[in-house]
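One structure is given below, encoded as structure tokens.
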Amino acid sequence: MIKGAKRILILDEIRGFAILCMIFHHMFYDIGFILEMEWGYRVFDFLCTFQPIFWALFILTSGICSRLSRNPVKRGIIVLIAGFAVSFVTAVIMPAIGIKGAEIYFGILSCLGCSMIITGIFMPFINKGNEKIGMLVTAFLFFATYKISEKSILFGFIQLPNVLYQSNFFSPLGFYNSSFQSADYFPLIPWLFMFLFGAVFGKYAKEERFSAFAYNSHSKFLQFVGKNSLWFYLAHQLVLYVIMYAIKLFFI
């Protein structure tokens, strides 16, 4: 954080809550994938309806925090490297030992890392811009491009040409064909715009214009998870795998 800035504890708590929701969600996929219980997949698919809500909270708070960061580009590089590590483990190491179907290409860490770097580069312009206009524009771009992976923008009024979806080369942007599969996937379009919305909104955080409620402590546990969200994300799937394989080995 910027030196001397007052920590906004509610951001840690929201981020911690979002990470725990993600772990809870992934747990049901592992129940289906490892324990081979079909109801796990059904619960996972049902919760996919709510997934964009808690991930939007996570990305939004990360965007706000980027406005408070002393070096968002450096932090972005670290997170992006972590994203590459996740892809390497899930797409190379795990299939080599017989665990297939859990490959991650451009997951949440890759998306966040790129968003931090892009936001950091354009931070001088963000600082100079009008926050109300900035929030309006980024919110519009997010909702207008939300269906880009379904070949449409502007709320379905404009259909995109099929040529954009003939390869997976531009999958980080949201363009991919039917062969693309990823257990965790967050393309820059539209999620970069949600991150940028948070960065613009972060002006109010930087100027300490939030209410006292935002600075007060409400849950030490959620704060701990939120402050260590990167490590929780990196470790959660390994921990879930160990638990599920132990259950499968000793109880099923």
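Note on naming: chains are A, B, ... as they come in the structure tokens, residues start from 1 per chain, ligands start from 1 in the order shown.
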
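Residues within 7 Å of Cys65 (chain A), counting only C-alpha atoms and excluding same-chain residues fewer than 4 positions away, are Thr61, Ser69 and Gly202 of chain A.
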
(message) Excluding Phe186 (chain A) and its own-chain neighbours fewer than 5 positions away, which residues fall within 9 Å of it when counting only C-alpha atoms? Please give them as a ChimeraX atom specification.
(response) /A:105-112,172-174,191

Please produce a file of those selected residues containing N, CA and C atoms, as a CSV table (one decimal), in the first residue's frame.
```csv
chain,number,residue,atom,x,y,z
A,105,TYR,N,-6.0,-22.7,-18.3
A,105,TYR,CA,-5.3,-21.7,-19.2
A,105,TYR,C,-6.0,-20.4,-19.0
A,106,PHE,N,-5.1,-19.4,-18.7
A,106,PHE,CA,-5.6,-18.0,-18.4
A,106,PHE,C,-6.7,-18.0,-17.4
A,107,GLY,N,-6.3,-18.5,-16.2
A,107,GLY,CA,-7.3,-18.4,-15.1
A,107,GLY,C,-7.3,-17.1,-14.4
A,108,ILE,N,-7.8,-17.0,-13.2
A,108,ILE,CA,-8.0,-15.7,-12.5
A,108,ILE,C,-6.7,-15.0,-12.2
A,109,LEU,N,-5.6,-15.8,-11.9
A,109,LEU,CA,-4.3,-15.1,-11.6
A,109,LEU,C,-3.7,-14.5,-12.8
A,110,SER,N,-3.8,-15.2,-14.0
A,110,SER,CA,-3.3,-14.6,-15.2
A,110,SER,C,-4.1,-13.3,-15.6
A,111,CYS,N,-5.4,-13.4,-15.4
A,111,CYS,CA,-6.2,-12.2,-15.7
A,111,CYS,C,-5.9,-11.1,-14.8
A,112,LEU,N,-5.7,-11.4,-13.5
A,112,LEU,CA,-5.4,-10.3,-12.5
A,112,LEU,C,-4.0,-9.7,-12.8
A,172,PRO,N,-6.8,-15.5,-24.4
A,172,PRO,CA,-6.7,-14.5,-23.2
A,172,PRO,C,-7.6,-13.3,-23.4
A,173,LEU,N,-8.1,-13.0,-24.6
A,173,LEU,CA,-8.9,-11.9,-24.8
A,173,LEU,C,-10.4,-12.3,-24.8
A,174,GLY,N,-10.7,-13.6,-24.9
A,174,GLY,CA,-12.1,-14.0,-24.9
A,174,GLY,C,-12.5,-14.7,-26.2
A,191,TRP,N,-13.3,-8.8,-18.2
A,191,TRP,CA,-12.9,-8.7,-16.7
A,191,TRP,C,-11.9,-7.5,-16.5
```

(message) For region 129-145 of chain A, find every residue with an atom within 6 Å (counting only C-alpha atoms), except residues of its own chain fewer than 6 positions away, and show them as a PyMOL selection string.
(response) chain A and resi 153-155+190+193+197+200

(message) So, with only C-alpha atoms as the atoms that count, which of A:Met123, A:Ile10, A:Ile148, A:Ala214 lies closest to Leu164 (chain A)?
(response) A:Ile148

Taking 6 positions as the minimum chain separation for residues in the same chain, which residues sit within 7 Å of region 50-60 of chain A when counting only C-alpha atoms? Answer as a PDB file with all heavy atoms, in the first residue's frame.
```
ATOM      1  N   ARG A  15     -12.620  -9.636  -0.061  1.00  0.00           N
ATOM      2  CA  ARG A  15     -11.744 -10.504  -0.848  1.00  0.00           C
ATOM      3  C   ARG A  15     -11.634 -11.886  -0.216  1.00  0.00           C
ATOM      4  O   ARG A  15     -11.651 -12.903  -0.909  1.00  0.00           O
ATOM      5  CB  ARG A  15     -10.363  -9.857  -0.981  1.00  0.00           C
ATOM      6  CG  ARG A  15      -9.462 -10.516  -1.992  1.00  0.00           C
ATOM      7  CD  ARG A  15      -8.341  -9.602  -2.411  1.00  0.00           C
ATOM      8  NE  ARG A  15      -7.731  -8.915  -1.282  1.00  0.00           N
ATOM      9  CZ  ARG A  15      -6.852  -7.928  -1.400  1.00  0.00           C
ATOM     10  NH1 ARG A  15      -6.520  -7.506  -2.595  1.00  0.00           N
ATOM     11  NH2 ARG A  15      -6.330  -7.363  -0.342  1.00  0.00           N
ATOM     12  N   ALA A  18     -14.811 -13.783  -0.969  1.00  0.00           N
ATOM     13  CA  ALA A  18     -14.848 -14.233  -2.362  1.00  0.00           C
ATOM     14  C   ALA A  18     -13.974 -15.468  -2.570  1.00  0.00           C
ATOM     15  O   ALA A  18     -14.367 -16.405  -3.280  1.00  0.00           O
ATOM     16  CB  ALA A  18     -14.400 -13.100  -3.291  1.00  0.00           C
ATOM     17  N   CYS A  21     -15.704 -18.504  -1.124  1.00  0.00           N
ATOM     18  CA  CYS A  21     -16.778 -18.933  -2.030  1.00  0.00           C
ATOM     19  C   CYS A  21     -16.204 -19.730  -3.187  1.00  0.00           C
ATOM     20  O   CYS A  21     -16.778 -20.750  -3.608  1.00  0.00           O
ATOM     21  CB  CYS A  21     -17.537 -17.716  -2.557  1.00  0.00           C
ATOM     22  SG  CYS A  21     -18.616 -16.919  -1.350  1.00  0.00           S
ATOM     23  N   MET A 194     -13.868  -4.565 -15.431  1.00  0.00           N
ATOM     24  CA  MET A 194     -14.275  -4.601 -14.029  1.00  0.00           C
ATOM     25  C   MET A 194     -13.117  -4.171 -13.133  1.00  0.00           C
ATOM     26  O   MET A 194     -13.294  -3.425 -12.171  1.00  0.00           O
ATOM     27  CB  MET A 194     -14.735  -6.008 -13.658  1.00  0.00           C
ATOM     28  CG  MET A 194     -15.081  -6.191 -12.182  1.00  0.00           C
ATOM     29  SD  MET A 194     -16.473  -5.179 -11.634  1.00  0.00           S
ATOM     30  CE  MET A 194     -17.845  -6.028 -12.448  1.00  0.00           C
ATOM     31  N   PHE A 195     -11.912  -4.627 -13.470  1.00  0.00           N
ATOM     32  CA  PHE A 195     -10.725  -4.240 -12.707  1.00  0.00           C
ATOM     33  C   PHE A 195     -10.491  -2.735 -12.823  1.00  0.00           C
ATOM     34  O   PHE A 195     -10.207  -2.059 -11.825  1.00  0.00           O
ATOM     35  CB  PHE A 195      -9.508  -5.010 -13.223  1.00  0.00           C
ATOM     36  CG  PHE A 195      -8.288  -4.886 -12.363  1.00  0.00           C
ATOM     37  CD1 PHE A 195      -8.003  -5.835 -11.398  1.00  0.00           C
ATOM     38  CD2 PHE A 195      -7.414  -3.827 -12.515  1.00  0.00           C
ATOM     39  CE1 PHE A 195      -6.874  -5.731 -10.593  1.00  0.00           C
ATOM     40  CE2 PHE A 195      -6.290  -3.698 -11.728  1.00  0.00           C
ATOM     41  CZ  PHE A 195      -6.014  -4.655 -10.764  1.00  0.00           C
ATOM     42  N   GLY A 198     -12.767  -0.750 -10.695  1.00  0.00           N
ATOM     43  CA  GLY A 198     -12.277  -0.702  -9.320  1.00  0.00           C
ATOM     44  C   GLY A 198     -11.135   0.280  -9.157  1.00  0.00           C
ATOM     45  O   GLY A 198     -11.058   1.005  -8.158  1.00  0.00           O
TER      46      GLY A 198
END
```

(request) Pull the alpha helix (DSSP H) assignments for region 9-211 of chain A out of DSSP run on the backbone, and list those residues as a ChimeraX atom specification. (result) /A:9-33,38-47,51-68,72-88,94-96,108-121,123-128,131-144,188-206

(message) Among region 4-244 of chain A, which residues does DSSP mark as strand (DSSP E) when it is run on the backbone? Keep the chain and numbering as in the structure and answer as JSON, numbers by chain.
(response) {"A": [152, 153, 158, 159]}

Once you have the residues from the selection above, write them out as an mmCIF file, in the first residue's frame, restricted to all heavy atoms.
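Printed below is selection-v4.cif as written:
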```cif
data_model
loop_
_atom_site.group_PDB
_atom_site.id
_atom_site.type_symbol
_atom_site.label_atom_id
_atom_site.label_comp_id
_atom_site.auth_asym_id
_atom_site.auth_seq_id
_atom_site.Cartn_x
_atom_site.Cartn_y
_atom_site.Cartn_z
ATOM 1 N N SER A 152 -20.925 -12.188 -29.241
ATOM 2 C CA SER A 152 -21.760 -10.994 -29.356
ATOM 3 C C SER A 152 -21.290 -9.920 -28.380
ATOM 4 O O SER A 152 -20.672 -10.216 -27.356
ATOM 5 C CB SER A 152 -23.232 -11.324 -29.093
ATOM 6 O OG SER A 152 -23.443 -11.656 -27.732
ATOM 7 N N ILE A 153 -21.581 -8.665 -28.713
ATOM 8 C CA ILE A 153 -21.300 -7.536 -27.840
ATOM 9 C C ILE A 153 -22.508 -6.605 -27.858
ATOM 10 O O ILE A 153 -23.463 -6.834 -28.606
ATOM 11 C CB ILE A 153 -20.023 -6.768 -28.271
ATOM 12 C CG1 ILE A 153 -20.143 -6.273 -29.716
ATOM 13 C CG2 ILE A 153 -18.787 -7.621 -28.085
ATOM 14 C CD1 ILE A 153 -18.997 -5.376 -30.153
ATOM 15 N N ILE A 158 -24.945 -6.810 -31.475
ATOM 16 C CA ILE A 158 -23.940 -6.957 -32.529
ATOM 17 C C ILE A 158 -23.336 -8.355 -32.435
ATOM 18 O O ILE A 158 -22.802 -8.745 -31.388
ATOM 19 C CB ILE A 158 -22.834 -5.897 -32.398
ATOM 20 C CG1 ILE A 158 -23.409 -4.491 -32.602
ATOM 21 C CG2 ILE A 158 -21.711 -6.170 -33.406
ATOM 22 C CD1 ILE A 158 -22.389 -3.388 -32.480
ATOM 23 N N GLN A 159 -23.432 -9.128 -33.515
ATOM 24 C CA GLN A 159 -22.836 -10.451 -33.592
ATOM 25 C C GLN A 159 -21.440 -10.336 -34.197
ATOM 26 O O GLN A 159 -21.260 -9.696 -35.235
ATOM 27 C CB GLN A 159 -23.713 -11.374 -34.446
ATOM 28 C CG GLN A 159 -25.108 -11.615 -33.876
ATOM 29 C CD GLN A 159 -25.068 -12.302 -32.521
ATOM 30 O OE1 GLN A 159 -24.364 -13.296 -32.355
ATOM 31 N NE2 GLN A 159 -25.828 -11.781 -31.568
#
```
